[in-house]
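S.K.: Okay, handing you the structure first.
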Amino acid sequence: MKKLLATILILSLVLTMAVGCTSDKVEETKSLKVTSGLWSRPEEQQFIREEILPGFEEEFNVKVELEVIDNIEKVMEAQKASDEWTTDVVMTHSGTMPLYIANEYVQPLDSVKDSLDITFMDAFESATTQDGKTYYLPISADVYLLIANQKALPYLPDGADVTKLTWEEYKDWAINIADAEGAKVSFPLMPIKASQYQVGGIGLSYGSEFPMINSPGMLSAWELLGEMVKNNAILETSFNYDNPVEQMKSEEAWLTFYHMVPVGDIYSSAPAKYVVAAAPAGPNGNGSIAGAWGVGITAGTNNKDVAEEFIKYLARPEVLYEVAAGTGGFIPPVNEVIAQLGEEPKDIIMKKGLDTLENGVVSGVPASEYTDWGAVKSVFDTVFQEMWDNDGELAKDFLDAQQKELEKLEK
Amino acid sequence: MISKNLIVRTTFYLFIATMLIAILIPVFFFVSTSVYSEYEVYDFPRKFLPRTSFDLEIEWENDQYNLSVFDEANNEYELLIQSNDMDRFRLYLKRSLSIQLNNEEIENDFSLSKKGEPIYLTYKKDLFYNYKTFFSITNNAGKSVVNSVMAAGWTIIISLFFGSLAGYSIARYKFAGKSQLSLTLLVVRMFPGVAIAIPMLVYLIKMNLDNTMIGLAIVYSVGNIALTAWITSSIFTGINIELEEASYIFGASKLQTFRKITLPLAFPGFIACSMYAFLAAWNDSITALILSNNNPTLSLVIYKAIGSSSAIQLSAAGAVILILPALVFTFIIKNYINQLWGEVKL
Amino acid sequence: MKNKYKKWFPYFLLTPALLYYVLFWIRPVLRAFFESMTDYDGSFSLMFFSKVINESMFTAALRNSLLFALISVMLQFTVAFMMALLLNKKFKGSNLLLFVALIPMAVPPAAVAILWKTGFSTFGWINNLLITLNLIKEPILWMTAKGYNALLFLILIDTWTVLPSVMIILLAGLQNLNKEYEEAGLIFGASRFQIIKDIIMPILKPTIITAVILRMIAAMQVWMISVMMFGYGRVPFLVERIAYYTDMVPMLKESYKMSLTYSVVVTTIVMISVMIYLRVNKKKEKEVRI
């Protein structure tokens with residue numbers, strides 16, 4: 001009985017506390033909330049908060065709150081559905097921009113774009129615009145790079161230069177290693193992630209467009225990969241990963257061709273252990289898919305003018321340069337800044353990335369041309385699974401059928 | 001007779017040992033991961049215990065320092081980084097090896113190798129580097145703990161109140177439609193939340209319950225009321241009805257009986273339900289993200305700080321921070337589940 | 001007057017909970033039912049149910065969800081019951097052991113994923129431990145498990161997390177078990193096993209049924225652990241398909257309706273399973289109130 005009384009007392013205490021401090025609907029004058037999917041690493045968050053934001057805050061007398069989260073889509077969906085907009089500025093990747101535009105999470109910002117005096121790369125035109133209106137400004141681009149463990153170098157084919165490889169040489173290299181040491185190539189194949197970007201880059205090197213399944217360039221790409229699979233060069237555990245970081249850092253894998261951010265992560269964990277190079281080349285050049293992170297204004301923001309100023313601030317060449325140099329692994333797709341960065345690249349990742357962006361065969365992610373980009377990825381996953389199950393072989397009929405599936409998804 | 005006893009006792013101890021190993025080993029490795037430096041996460045094979053220091057070899061060659069770390073598995077030094085930039089070393093030591101030094105210290109120590117011979121240094125690793133990193137990128141951890149406690153508290157109160165009323169009625173009364181109604185209660189647990197999460201939360205936002213802890217508790221309680229109803233119903237059923245009847249005979253009212261006889265006997269059941277309620281509230285981050293982003297719970301703060309990072313050791317540290325209060329709660333209530341708090345057995 | 005009041009009293013106790021559902025839960029659910037039974041233009045149509053059932057992965061998802069539920073509930077109930085009986089003995093240190101047994105329940109889902117993903121990776125802590133103890137020479141590739149192996153793999157991981165939550169329900173129920181019944185059994189020469197089977201279990205029946213049903217409902221809706229370990233579509237489950245339509249391909253025309261139709265299908269399957277279980281138990285039920 002006493003115990004019961006005590007419990008009730010404690011509960012009433014909690015109750016009073018709760019009643020006393022319910023709902024602090026924070027009201028601040030002149031504040032800006034930025035919700036970003038970019039800058040997920042603590043160092044990057046810290047850098048942006050300490051080195052980039054204060055400049056804006058002082059100049060415009062605004063308090064900026066930056067939050068970095070993974071699935072912003074759900075947050076946006078809830079804000080749109082409830083019409084309670086707490087986010088003012090949003091940063092998302094080019095793959096999901098069509099979703100945001102179609103669902104009206106963001107509003108056009110042509111006035112901002114026109115007021116700027118810089119030239120953006122065209123590769124991201126289709127992702128950031130729709131019906132002639134611009135919804136995003138791309139402030140950070142990324143490409144795919146090659147990274148190899150030094151232990152793999154002795155297995156290079158004769159005459160091959162790791163900084164200037166062809167895809168044929170890459171394939172022979174992988175097979176040489178496999179014959180001696182077992183599979184050592186990481187080719188992340190977790191469903192609906194990045195399998196299509198890896199093979200797409202190879203396809204570009206052989207003259208294909210992206211995304212395609214049965215073009216001549218892609219047939220060469222599938223054949224190349226198929227031979228690697230047949231000779232057990234690719235790690236089966238690749239199916240469980242969506243990036244090669246764990247496999248490369250633990251040395252389960254020695255070789256991979258992947259997005260420059262994880263590549264940068266791997267490289268910086270022990271720079272002396274790895275060699276980083278631009279994408280291998282095919283007859284048509286070094287192919288790579290390029291993605292971009294863009295900044296946009298939410299559709300229902302209450303701080304539109306402050307948001308516009310923020311975007312203009314971020315788009316200043318010197319700020320873009322600072323962000324690129326300080327966070328590492330991202331390249332502003334602005335021609336003026338690229339020129340400046342190219343003079344003294346902060347590190348090798350940036351250098352190789354710039355090289356690919358400027359000189360390689362690059363394609364953006366044309367997600368806006370398809371009803372659903374996730375479904376497009378699924379088609380590629382189906383091909384990979386079939387290739388793996390058939391020991392590297394892919395029938396032409398099968399590929400033609402998958403191409404049809406792909407075309408069904410076109411808008 | 002003796003040998004039978006021995007078999008029983010051996011099985012008994014074997015069972016306990018298996019339980020302990022199966023639970024404590026994964027927990028141990030998880031906590032270890034939370035104090036690993038980035039290097040250790042991918043080291044293989046690694047020692048059982050996390051490192052407390054690193055043995056480094058510094059060599060001056062071609063106008064740069066070569067920094068290598070001692071790899072016990074292969075009994076040799078492994079080259080990690082080459083540079084002559086002290087800033088670069090400082091950041092590298094910090095981020096990959098959890099070693100915190102400033103530029104001068106590094107310069108002083110390393111320059112000894114300029115004499116020509118490689119030098120050997122042992123540096124202490126900062127075991128709590130991951131935790132410090134976490135706290136450096138969050139600034140409202142304190143308030144968020146209070147929020148989590150409030151959300152959990154409300155969830156317990158709401159679930160227990162609504163649920164036990166329903167549970168008692170199912171246990172003690174016969175009425176038309178009883179089995180159908182008790183099944184209906186469970187429907188809230190049968191409908192997958194994935195597809196209806198956003199619409200449900202939008203209704204709550206429109207009711208002005210966003211950014212309130214009671215709003216969160218309302219969401220968390222939806223499933224927990226059903227759970228509490230069924231658990232308390234089974235517990236009430238197990239309480240001998242003759243005890244209550246005896247109490248009436250002695251002149252006690254229905255309410256007095258409930259308070260003095262039924263409730264104390266049902267207490268372990270209530271504690272079990274509050275455990276579920278507490279954890280549902282404490283561990284959720286997605287609902288909190290959508291409903292109360294401006295008034296975050298601890299789980300949300302951790303999710304935003306290191307949820308999207310690919311650094312496993314950091315995520316592990318965040319998870320440990322989140323689990324600790326939950327463990328404290330569990331430790332306090334464990335006695336009440338097992339009725340070790342008093343003699344109410346008859 | 002008192003009689004009339006008495007008749008309505010149980011409903012009166014149930015009403016708050018039901019009102020709560022109406023206020024905070026039912027609207028999106030009704031909408032889901034509506035969407036699943038209509039065409040794009042709003043006219044009545046069961047085509048989406050047909051689409052769901054004819055999906056390439058539906059059979060696999062259904063099979064996996066049902067098998068997972070069956071095996072995991074049997075496994076978890078048995079072990080949890082043994083643990084509850086053990087801890088009920090209240091020996092020295094049993095409360096500390098109870099605390100340890102409860103730890104896995106307190107671990108958040110994201111941490112569980114990290115724990116087992118880092119554990120079962122090729123150079124993860126499980127292989128690390130096995131190699132250090134000289135039990136294996138080369139790392140085992142756990143994560144390449146396919147088909148039924150993969151299912152079993154997921155069941156084991158799920159069991160680790162979920163066991164304590166089943167156990168506390170049973171343990172709470174055991175507290176009201178009168179020790180005299182057990183003693184009477186011993187006096188009459190019953191073996192330990194017989195006592196459990198014929199005395200404890202029948203009395204504990206309501207609690208056992210509750211624990212099994214709650215676990216069954218949850219087990220049939222397991223999906224996240226499959227996605228975190230293997231990715232979408234590799235080891236399909238019913239609710240995993242819902243997550244696929246909601247999160248992975250949200251812009252397809254049919255995604256919205258497909259995810260809601262799947263939700264309705266899942267609810268129906270779970271409800272039917274629970275009703276079957278209750279019916280089977282009712283047949284075996286004898287009133288064991290002493």
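By order in the structure tokens, chains are A, B, ...; within a chain, residues start at 1; ligands start at 1, following the order shown.
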Which neighbours of Gly233 of chain C fall inside 8 Å, counting only C-alpha atoms, when residues of the same chain fewer than 4 positions from it are skipped, and could you give them as a PDB file with all heavy atoms, in the first residue's frame?

M.R.:
ATOM      1  N   PRO A 191      20.535  -4.124 -53.176  1.00  0.00           N
ATOM      2  CA  PRO A 191      19.466  -3.697 -54.075  1.00  0.00           C
ATOM      3  C   PRO A 191      19.081  -2.238 -53.909  1.00  0.00           C
ATOM      4  O   PRO A 191      19.074  -1.700 -52.809  1.00  0.00           O
ATOM      5  CB  PRO A 191      18.290  -4.599 -53.677  1.00  0.00           C
ATOM      6  CG  PRO A 191      18.918  -5.814 -53.117  1.00  0.00           C
ATOM      7  CD  PRO A 191      20.175  -5.343 -52.449  1.00  0.00           C
TER       8      PRO A 191
ATOM      9  N   MET C  57       6.927 -11.510 -56.127  1.00  0.00           N
ATOM     10  CA  MET C  57       7.508 -11.814 -54.815  1.00  0.00           C
ATOM     11  C   MET C  57       6.478 -12.139 -53.738  1.00  0.00           C
ATOM     12  O   MET C  57       6.853 -12.395 -52.601  1.00  0.00           O
ATOM     13  CB  MET C  57       8.353 -10.630 -54.353  1.00  0.00           C
ATOM     14  CG  MET C  57       9.647 -10.527 -55.109  1.00  0.00           C
ATOM     15  SD  MET C  57      10.852  -9.640 -54.127  1.00  0.00           S
ATOM     16  CE  MET C  57      11.713  -8.762 -55.386  1.00  0.00           C
ATOM     17  N   VAL C 227      15.919  -6.156 -44.356  1.00  0.00           N
ATOM     18  CA  VAL C 227      16.433  -5.103 -45.223  1.00  0.00           C
ATOM     19  C   VAL C 227      17.802  -4.633 -44.763  1.00  0.00           C
ATOM     20  O   VAL C 227      18.694  -4.402 -45.568  1.00  0.00           O
ATOM     21  CB  VAL C 227      15.432  -3.919 -45.262  1.00  0.00           C
ATOM     22  CG1 VAL C 227      16.063  -2.726 -45.912  1.00  0.00           C
ATOM     23  CG2 VAL C 227      14.198  -4.326 -46.015  1.00  0.00           C
ATOM     24  N   GLU C 240       7.921  -6.080 -45.660  1.00  0.00           N
ATOM     25  CA  GLU C 240       9.049  -5.561 -46.426  1.00  0.00           C
ATOM     26  C   GLU C 240       8.568  -5.068 -47.774  1.00  0.00           C
ATOM     27  O   GLU C 240       9.060  -4.064 -48.298  1.00  0.00           O
ATOM     28  CB  GLU C 240      10.101  -6.666 -46.583  1.00  0.00           C
ATOM     29  CG  GLU C 240      11.355  -6.248 -47.299  1.00  0.00           C
ATOM     30  CD  GLU C 240      11.474  -6.870 -48.672  1.00  0.00           C
ATOM     31  OE1 GLU C 240      10.803  -7.899 -48.887  1.00  0.00           O
ATOM     32  OE2 GLU C 240      12.192  -6.341 -49.520  1.00  0.00           O
ATOM     33  N   ARG C 241       7.567  -5.722 -48.350  1.00  0.00           N
ATOM     34  CA  ARG C 241       7.001  -5.276 -49.606  1.00  0.00           C
ATOM     35  C   ARG C 241       6.320  -3.928 -49.434  1.00  0.00           C
ATOM     36  O   ARG C 241       6.335  -3.086 -50.312  1.00  0.00           O
ATOM     37  CB  ARG C 241       5.979  -6.305 -50.130  1.00  0.00           C
ATOM     38  CG  ARG C 241       6.550  -7.664 -50.477  1.00  0.00           C
ATOM     39  CD  ARG C 241       7.280  -7.642 -51.805  1.00  0.00           C
ATOM     40  NE  ARG C 241       8.659  -7.233 -51.652  1.00  0.00           N
ATOM     41  CZ  ARG C 241       9.359  -6.598 -52.593  1.00  0.00           C
ATOM     42  NH1 ARG C 241       8.818  -6.312 -53.751  1.00  0.00           N
ATOM     43  NH2 ARG C 241      10.605  -6.263 -52.376  1.00  0.00           N
TER      44      ARG C 241
END

S.K.: Let's see if you can do this: from backbone DSSP, list all alpha helix (DSSP H) residues in segment 62-210 of chain A, as a PyMOL selection string.

M.R.: chain A and resi 72-82+97-102+110-115+125-128+167-181+195-205

S.K.: Report as a ChimeraX atom specification the set of chain C residues whose atoms approach chain A to within 10 Å, with distances computed over only C-alpha atoms.

M.R.: /C:117-118,121-124,141-145,227-234,244-245,247-253

S.K.: Taking C-alpha atoms for each residue, export the selection above as a PDB file, in the first residue's frame.

M.R.:
ATOM      1  CA  LYS C 117      26.024  -6.408 -39.296  1.00  0.00           C
ATOM      2  CA  THR C 118      29.435  -5.763 -37.778  1.00  0.00           C
ATOM      3  CA  SER C 121      30.660  -9.399 -41.768  1.00  0.00           C
ATOM      4  CA  THR C 122      33.648 -11.313 -43.063  1.00  0.00           C
ATOM      5  CA  PHE C 123      36.075  -9.569 -40.729  1.00  0.00           C
ATOM      6  CA  GLY C 124      33.538  -8.894 -38.018  1.00  0.00           C
ATOM      7  CA  LEU C 141      31.011 -15.914 -44.997  1.00  0.00           C
ATOM      8  CA  TRP C 142      27.841 -15.679 -42.923  1.00  0.00           C
ATOM      9  CA  MET C 143      26.185 -13.033 -45.009  1.00  0.00           C
ATOM     10  CA  THR C 144      26.137 -15.057 -48.207  1.00  0.00           C
ATOM     11  CA  ALA C 145      23.403 -17.232 -46.737  1.00  0.00           C
ATOM     12  CA  VAL C 227      16.433  -5.103 -45.223  1.00  0.00           C
ATOM     13  CA  MET C 228      19.265  -4.031 -42.973  1.00  0.00           C
ATOM     14  CA  MET C 229      21.166  -7.282 -43.363  1.00  0.00           C
ATOM     15  CA  PHE C 230      20.393  -8.172 -46.968  1.00  0.00           C
ATOM     16  CA  GLY C 231      18.663  -5.271 -48.706  1.00  0.00           C
ATOM     17  CA  TYR C 232      15.237  -5.038 -50.341  1.00  0.00           C
ATOM     18  CA  GLY C 233      13.818  -8.019 -52.135  1.00  0.00           C
ATOM     19  CA  ARG C 234      16.587 -10.487 -51.253  1.00  0.00           C
ATOM     20  CA  TYR C 244       9.449  -1.230 -50.735  1.00  0.00           C
ATOM     21  CA  TYR C 245       6.429   0.543 -52.198  1.00  0.00           C
ATOM     22  CA  ASP C 247      10.153   4.092 -49.486  1.00  0.00           C
ATOM     23  CA  MET C 248      11.915   2.658 -52.528  1.00  0.00           C
ATOM     24  CA  VAL C 249       9.576   3.241 -55.473  1.00  0.00           C
ATOM     25  CA  PRO C 250       7.185   5.901 -54.156  1.00  0.00           C
ATOM     26  CA  MET C 251       6.683   7.616 -57.475  1.00  0.00           C
ATOM     27  CA  LEU C 252       5.211   4.697 -59.398  1.00  0.00           C
ATOM     28  CA  LYS C 253       1.556   5.230 -60.134  1.00  0.00           C
TER      29      LYS C 253
END

S.K.: Can you list every residue of chain A that has an atom at most 6 Å from chain B, with its nearest atom pair and the distance in Å to one decimal, using only C-alpha atoms, ordered by chain then number, as a tab-separated table?

M.R.:
residue	atom	partner	partner_atom	distance
A:Thr22	CA	B:Thr212	CA	5.9
A:Ser23	CA	B:Thr212	CA	4.6
A:Ser40	CA	B:Ser309	CA	5.4
A:Arg41	CA	B:Ser309	CA	5.3
A:Ile69	CA	B:Lys304	CA	5.6
A:Asp70	CA	B:Ser308	CA	5.5
A:Val75	CA	B:Ile290	CA	5.4
A:Ala78	CA	B:Ile198	CA	6.0
A:Ser82	CA	B:Val202	CA	5.2
A:Lys249	CA	B:Tyr42	CA	5.9
A:Ser250	CA	B:Tyr42	CA	4.7
A:Ala270	CA	B:Leu80	CA	4.7
A:Pro271	CA	B:Ile81	CA	5.2
A:Ala272	CA	B:Ile81	CA	4.7

S.K.: Please determine, counting only C-alpha atoms, which residue among C:Val239, C:Ala113, C:Met201, C:Ile187 has the shortest atom-to-atom distance to chain B.

M.R.: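 Closest to chain B, using only C-alpha atoms: C:Val239.
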
S.K.: Hey, which of C:Ile195, C:Leu204, C:Val73, C:Leu67 ends up closest to chain B? Count only C-alpha atoms.

M.R.: C:Leu204
